[in-house]
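input23.cif follows; it contains mmCIF, C-alpha atoms.
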data_model
#
loop_
_atom_site.label_atom_id
_atom_site.label_comp_id
_atom_site.auth_asym_id
_atom_site.auth_seq_id
_atom_site.Cartn_x
_atom_site.Cartn_y
_atom_site.Cartn_z
CA MET A 1 127.78 105.21 198.86
CA GLY A 2 126.23 107.03 195.90
CA ARG A 3 123.27 109.36 195.99
CA TRP A 4 120.77 106.70 194.93
CA GLU A 5 121.85 104.28 197.66
CA ALA A 6 121.87 107.06 200.26
CA GLU A 7 118.35 108.18 199.29
CA ILE A 8 117.09 104.64 199.80
CA LYS A 9 118.82 104.34 203.17
CA TYR A 10 117.36 107.55 204.58
CA GLU A 11 113.93 106.87 203.09
CA GLU A 12 113.85 103.65 205.08
CA TYR A 13 115.14 105.37 208.22
CA ARG A 14 112.29 107.88 207.91
CA ALA A 15 109.78 105.12 207.18
CA VAL A 16 110.73 103.27 210.38
CA ALA A 17 110.64 106.53 212.37
CA ARG A 18 107.13 107.23 211.05
CA GLU A 19 105.85 103.74 211.81
CA VAL A 20 107.16 103.73 215.37
CA ALA A 21 106.02 107.28 216.12
CA LEU A 22 102.56 106.59 214.72
CA ARG A 23 102.15 103.49 216.88
CA PHE A 24 103.15 105.50 219.91
CA VAL A 25 100.85 108.45 219.22
CA GLN A 26 97.98 106.14 218.33
CA SER A 27 98.36 104.60 221.80
CA MET A 28 97.89 108.00 223.46
CA PRO A 29 94.50 109.27 224.70
CA VAL A 30 94.34 112.07 222.13
CA TRP A 31 91.76 110.68 219.72
CA ASN A 32 88.07 111.45 219.38
CA SER A 33 87.26 108.05 217.91
CA ALA A 34 88.80 104.78 216.78
CA ASP A 35 88.05 105.75 213.19
CA GLU A 36 89.92 109.03 213.56
CA ARG A 37 92.91 107.23 215.04
CA ALA A 38 92.92 104.56 212.34
CA ALA A 39 92.74 107.11 209.51
CA VAL A 40 96.09 108.72 210.31
CA ARG A 41 98.83 108.14 207.74
CA LEU A 42 102.37 109.45 207.71
CA THR A 43 104.44 109.66 204.54
CA ASP A 44 107.40 111.43 203.01
CA ILE A 45 106.67 114.63 201.09
CA ASP A 46 106.36 113.28 197.57
CA ALA A 47 104.87 114.64 194.35
CA LEU A 48 101.40 113.38 195.28
CA CYS A 49 101.60 115.22 198.58
CA LEU A 50 102.69 118.49 196.99
CA ASP A 51 99.85 118.18 194.50
CA ALA A 52 97.39 117.76 197.38
CA TRP A 53 98.89 120.81 199.09
CA ARG A 54 98.51 122.96 195.98
CA ARG A 55 94.94 121.83 195.35
CA SER A 56 93.46 121.65 198.84
CA TRP A 57 95.15 124.18 201.13
CA ARG A 58 93.48 127.56 200.73
CA HIS A 59 95.77 129.38 203.17
CA LYS A 60 99.43 128.71 202.49
CA GLU A 61 101.73 130.04 205.20
CA PHE A 62 104.83 128.50 203.59
CA ASP A 63 105.74 127.59 200.02
CA TRP A 64 106.10 123.81 200.24
CA ASP A 65 107.22 123.45 196.62
CA GLU A 66 110.13 125.69 197.52
CA ASN A 67 110.72 123.97 200.87
CA ALA A 68 110.77 120.55 199.25
CA ALA A 69 113.12 121.65 196.48
CA HIS A 70 115.45 123.24 199.01
CA PHE A 71 115.57 120.59 201.71
CA LYS A 72 115.53 117.59 199.42
CA ARG A 73 119.05 118.50 198.38
CA GLU A 74 120.04 117.03 201.76
CA VAL A 75 119.87 113.27 201.59
CA ASP A 76 119.38 112.84 205.35
CA ARG A 77 116.71 115.55 205.66
CA PHE A 78 113.71 115.19 207.94
CA GLU A 79 110.42 115.35 206.08
CA LEU A 80 106.89 114.38 206.97
CA ALA A 81 103.41 114.59 205.50
CA ILE A 82 100.51 113.95 207.88
CA TRP A 83 97.26 112.64 206.40
CA SER A 84 93.81 111.71 207.60
CA GLY A 85 92.71 109.27 204.97
CA GLU A 86 93.18 111.14 201.69
CA GLN A 87 93.21 114.59 203.32
CA LEU A 88 96.61 116.21 203.73
CA CYS A 89 96.55 117.78 207.21
CA GLY A 90 100.14 118.74 208.00
CA LEU A 91 103.65 119.11 206.63
CA ALA A 92 107.05 119.28 208.29
CA ILE A 93 110.57 119.51 206.96
CA GLY A 94 114.02 120.14 208.33
CA ARG A 95 117.59 119.04 208.47
CA VAL A 96 120.07 117.10 210.55
CA SER A 97 123.15 118.51 212.25
CA ARG A 98 126.52 117.38 210.95
CA GLY A 99 127.58 116.45 214.47
CA PRO A 100 125.72 114.40 217.09
CA ASP A 101 123.44 117.19 218.28
CA ASN A 102 120.09 117.38 216.57
CA VAL A 103 117.34 116.95 214.05
CA THR A 104 115.84 120.41 213.48
CA ILE A 105 112.35 121.05 212.15
CA HIS A 106 112.57 124.23 210.09
CA PHE A 107 109.00 124.36 208.83
CA LEU A 108 105.86 122.83 210.29
CA GLU A 109 102.38 123.76 209.11
CA ARG A 110 98.88 122.50 209.70
CA ARG A 111 96.18 122.92 207.12
CA SER A 112 94.11 125.88 208.32
CA GLY A 113 90.51 125.69 209.39
CA ASP A 114 88.62 122.97 211.15
CA THR A 115 90.74 120.24 209.66
CA PRO A 116 91.06 116.64 210.83
CA LEU A 117 93.90 116.03 213.31
CA LYS A 118 93.79 119.63 214.56
CA GLY A 119 95.71 119.62 217.84
CA ARG A 120 97.69 116.48 216.97
CA ILE A 121 99.92 117.76 214.14
CA ALA A 122 102.74 119.08 216.33
CA LEU A 123 102.63 115.91 218.43
CA LEU A 124 102.89 113.64 215.39
CA ALA A 125 105.67 115.73 213.83
CA THR A 126 107.81 116.01 216.95
CA GLU A 127 107.41 112.34 217.87
CA THR A 128 108.44 111.34 214.35
CA ALA A 129 111.43 113.69 214.50
CA ASP A 130 112.30 112.17 217.88
CA ARG A 131 112.39 108.65 216.41
CA TYR A 132 114.38 109.84 213.41
CA ALA A 133 116.87 111.53 215.77
CA LYS A 134 117.23 108.28 217.70
CA ILE A 135 117.87 106.31 214.51
CA LEU A 136 120.58 108.82 213.56
CA ASN A 137 121.98 108.85 217.12
CA LYS A 138 121.25 112.56 217.60
CA GLN A 139 120.66 113.96 221.06
CA ARG A 140 117.95 116.54 220.53
CA VAL A 141 114.99 117.56 218.42
CA LYS A 142 115.00 121.28 217.72
CA LEU A 143 112.44 123.68 216.31
CA LYS A 144 113.68 126.70 214.39
CA ASP A 145 111.69 129.90 214.75
CA PRO A 146 108.33 128.57 215.88
CA LEU A 147 105.51 131.01 215.26
CA PRO A 148 104.63 132.92 218.46
CA ASP A 149 101.11 131.48 218.56
CA ALA A 150 102.49 127.94 218.43
CA ILE A 151 105.07 128.27 221.20
CA VAL A 152 102.68 127.29 223.99
CA THR A 153 101.88 124.09 222.06
CA TYR A 154 105.57 123.20 221.85
CA GLN A 155 106.11 124.04 225.50
CA ARG A 156 103.36 121.54 226.35
CA LEU A 157 105.40 119.01 224.38
CA ASN A 158 108.41 119.76 226.64
CA PHE A 159 110.31 122.02 224.24
CA VAL A 160 112.20 124.90 225.84
CA LEU A 161 113.94 127.93 224.40
CA VAL A 162 117.63 127.05 224.11
CA GLU A 163 119.14 129.57 221.73
CA THR A 164 118.52 132.96 220.18
CA ILE A 165 120.74 134.03 217.30
CA GLY A 166 119.77 137.48 216.13
CA LYS A 167 116.04 137.24 215.50
CA THR A 168 116.12 133.44 215.14
CA THR A 169 114.97 131.32 218.06
CA TYR A 170 115.52 127.64 218.66
CA TYR A 171 113.45 125.45 220.96
CA ALA A 172 114.71 121.97 221.83
CA ARG A 173 113.92 118.75 223.64
CA GLN A 174 116.19 115.83 224.46
CA VAL A 175 115.28 112.68 222.54
CA GLY A 176 113.10 110.37 224.56
CA ASP A 177 111.71 113.16 226.75
CA MET B 1 111.91 108.33 189.85
CA SER B 2 115.21 109.82 190.81
CA ALA B 3 117.04 111.85 188.25
CA SER B 4 120.20 110.53 189.86
CA ALA B 5 119.24 106.83 189.89
CA PRO B 6 121.65 104.66 187.98
CA GLN B 7 120.23 103.38 184.72
CA THR B 8 121.29 99.85 185.53
CA HIS B 9 119.99 99.52 189.07
CA ASP B 10 117.64 96.66 189.67
CA ALA B 11 114.84 95.85 192.02
CA VAL B 12 116.86 93.20 193.85
CA ARG B 13 119.59 95.66 194.76
CA GLU B 14 117.01 98.21 195.90
CA SER B 15 115.23 95.60 197.99
CA GLU B 16 118.50 94.59 199.65
CA LEU B 17 119.38 98.18 200.42
CA ARG B 18 115.96 98.84 201.93
CA ALA B 19 116.08 95.72 204.10
CA ALA B 20 119.56 96.59 205.39
CA ALA B 21 118.57 100.19 206.17
CA ARG B 22 115.39 99.08 207.90
CA ASP B 23 117.39 96.64 210.03
CA GLU B 24 119.85 99.39 210.99
CA ALA B 25 117.00 101.72 211.94
CA VAL B 26 115.25 99.13 214.07
CA ARG B 27 118.47 98.20 215.85
CA ALA B 28 119.15 101.88 216.56
CA LEU B 29 115.69 102.36 218.05
CA ALA B 30 116.05 99.22 220.14
CA ARG B 31 118.88 100.93 222.03
CA TYR B 32 116.28 103.27 223.50
CA ASN B 33 113.76 100.62 224.37
CA SER B 34 112.62 100.83 227.95
CA PRO B 35 109.28 100.56 229.75
CA LEU B 36 109.29 104.31 230.31
CA SER B 37 110.17 105.46 226.85
CA GLY B 38 106.92 104.60 225.12
CA MET B 39 108.86 102.61 222.62
CA ILE B 40 108.24 99.30 220.98
CA ALA B 41 108.02 95.71 222.12
CA PRO B 42 110.62 93.18 220.91
CA ALA B 43 107.99 91.39 218.82
CA ASP B 44 107.16 94.69 217.15
CA LEU B 45 110.82 95.23 216.37
CA ASP B 46 110.81 92.00 214.39
CA THR B 47 107.65 93.06 212.59
CA LEU B 48 109.21 96.38 211.67
CA ARG B 49 112.41 94.75 210.51
CA LEU B 50 110.51 92.49 208.15
CA ALA B 51 107.88 94.97 207.02
CA PRO B 52 107.72 95.48 203.28
CA ALA B 53 108.76 98.94 202.22
CA ALA B 54 106.31 99.03 199.33
CA GLU B 55 105.27 102.59 200.05
CA ASN B 56 108.78 103.75 199.26
CA ALA B 57 109.61 101.49 196.36
CA GLY B 58 110.76 103.40 193.35
CA THR B 59 110.68 106.81 195.00
CA ALA B 60 114.34 107.14 195.88
CA GLY B 61 115.38 110.65 195.16
CA ASP B 62 111.90 111.81 194.23
CA LEU B 63 112.17 115.54 193.56
CA VAL B 64 115.88 115.52 194.13
CA PRO B 65 117.91 117.19 191.44
CA ALA B 66 120.82 115.25 190.07
CA GLU B 67 123.84 116.29 192.02
CA ALA B 68 126.94 114.95 193.64
CA ASP B 69 126.84 113.50 197.12
CA ARG B 70 127.15 115.99 199.92
CA ALA B 71 130.74 116.29 200.99
#

Starting from the file, give its structure as structure tokens.
Amino acid sequence: MGRWEAEIKYEEYRAVAREVALRFVQSMPVWNSADERAAVRLTDIDALCLDAWRRSWRHKEFDWDENAAHFKREVDRFELAIWSGEQLCGLAIGRVSRGPDNVTIHFLERRSGDTPLKGRIALLATETADRYAKILNKQRVKLKDPLPDAIVTYQRLNFVLVETIGKTTYYARQVGD
Amino acid sequence: MSASAPQTHDAVRESELRAAARDEAVRALARYNSPLSGMIAPADLDTLRLAPAAENAGTAGDLVPAEADRA
């Protein structure tokens, strides 16, 4: 399979993961209104998304141009843009283990401030990664080096510390948990 | 459009590839389907399998530099 065919295959895998995760999260009691719930969109991180990030995010914790350029070398990468209508609210990107173990989210960021979907970004990202892991027959979703302030959020989503390598920490959750 | 996309590829081939990948993904998710897993109903699986992938059309390899397949 050539690169072009492989890109199409994994784009569709991610598209199905997004659709299924979104349906699931939209069924949860985490929404302030039906309009808020209906406005959520999940996409890959494309040029339009990066343009929205450059234009509309005042605080930029991570360089998403650099992240996209780096991770998009991997055809089976995990990537996710989280939107409320036309507002870009969150970004996530990561990679897949060579063996059967995991999909790892390396970077996850919410637009700062009182932005739509505040409090639901980690949920949407980890549920989408969970579905992508299932499609790829991986056993776990992992988070690399979560920021200290975000750890309690991930613990609420059933992630636990599984590995520390030097200064790098990994949190993980079995798929389906 | 992908820098690595073949010049001669056509929309029919892309559509076939997308449909096959979507079917694989849905079948993989169906393995996990259970009342406790918060997953999807069989009717929804069919809907997903048949869903148009318009949002992705023509974006294969977007931002990906031309390079050989990963070993």

- Separation of CA of Thr43 in chain A and CA of Leu80 in chain A, in Å?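 Spanning CA of Thr43 in chain A to CA of Leu80 in chain A is a straight-line distance of 5.8 Å.
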
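Each of A:Tyr171, A:Trp57, A:Phe71, A:Trp31 was compared to chain B using only C-alpha atoms, and A:Phe71 turns out to be the nearest.
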
- Task: Just the residues within 10 Å of Tyr170 in chain A, please, counting only C-alpha atoms, with nothing from its chain fewer than 4 positions along; format it as a ChimeraX atom specification.
- Result: /A:104-106,142-146,159-165

- Item | Minimum-distance residue to chain B, chosen among A:Gln174, A:Ser27, A:Ser112, A:Ser33 (using all atoms listed in the file) | A:Ser27

- Task: Could you tell me which of A:Lys72, A:Arg58, A:Arg18, A:Lys167 comes closest to chain B if we count only C-alpha atoms?
- Result: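 Among the listed residues, the smallest separation from chain B belongs to A:Lys72.
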
- Item | Residue hits in chain A, query chain B, radius 7 Å, all atoms listed in the file, as number ranges by chain | A: 2-4, 7-9, 12-13, 16, 24, 46, 69, 72-73, 134-135, 176

- Item | CA of Glu74 in chain A to CA of Tyr132 in chain A, straight-line distance in Å | 14.8 Å

- Picked residues, the PyMOL selection byres ((chain A and resi 98-101) around 10), as an MDAnalysis selection string: chainID A and resid 95:97 102:104 133 136:142 174

- Query: Neighbours of His59 in chain A within 12 Å (all atoms listed in the file; same-chain residues fewer than 4 positions away dropped), as a list in words?
  - Reply: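 Non-adjacent residues within range: Trp53, Arg54, Arg55, Asp63, Glu109, Arg110, Arg111, Ser112 and Gly113 of chain A.
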
- Query: What gap, in Å, lies between CA of Cys49 in chain A and CA of Glu86 in chain A?
  - Reply: 9.9 Å

- Task: Pick out the closest residue to Leu48 in chain A from this set: A:Phe107, A:Phe78, A:Trp83, A:Tyr10. Count only C-alpha atoms.
- Result: A:Trp83
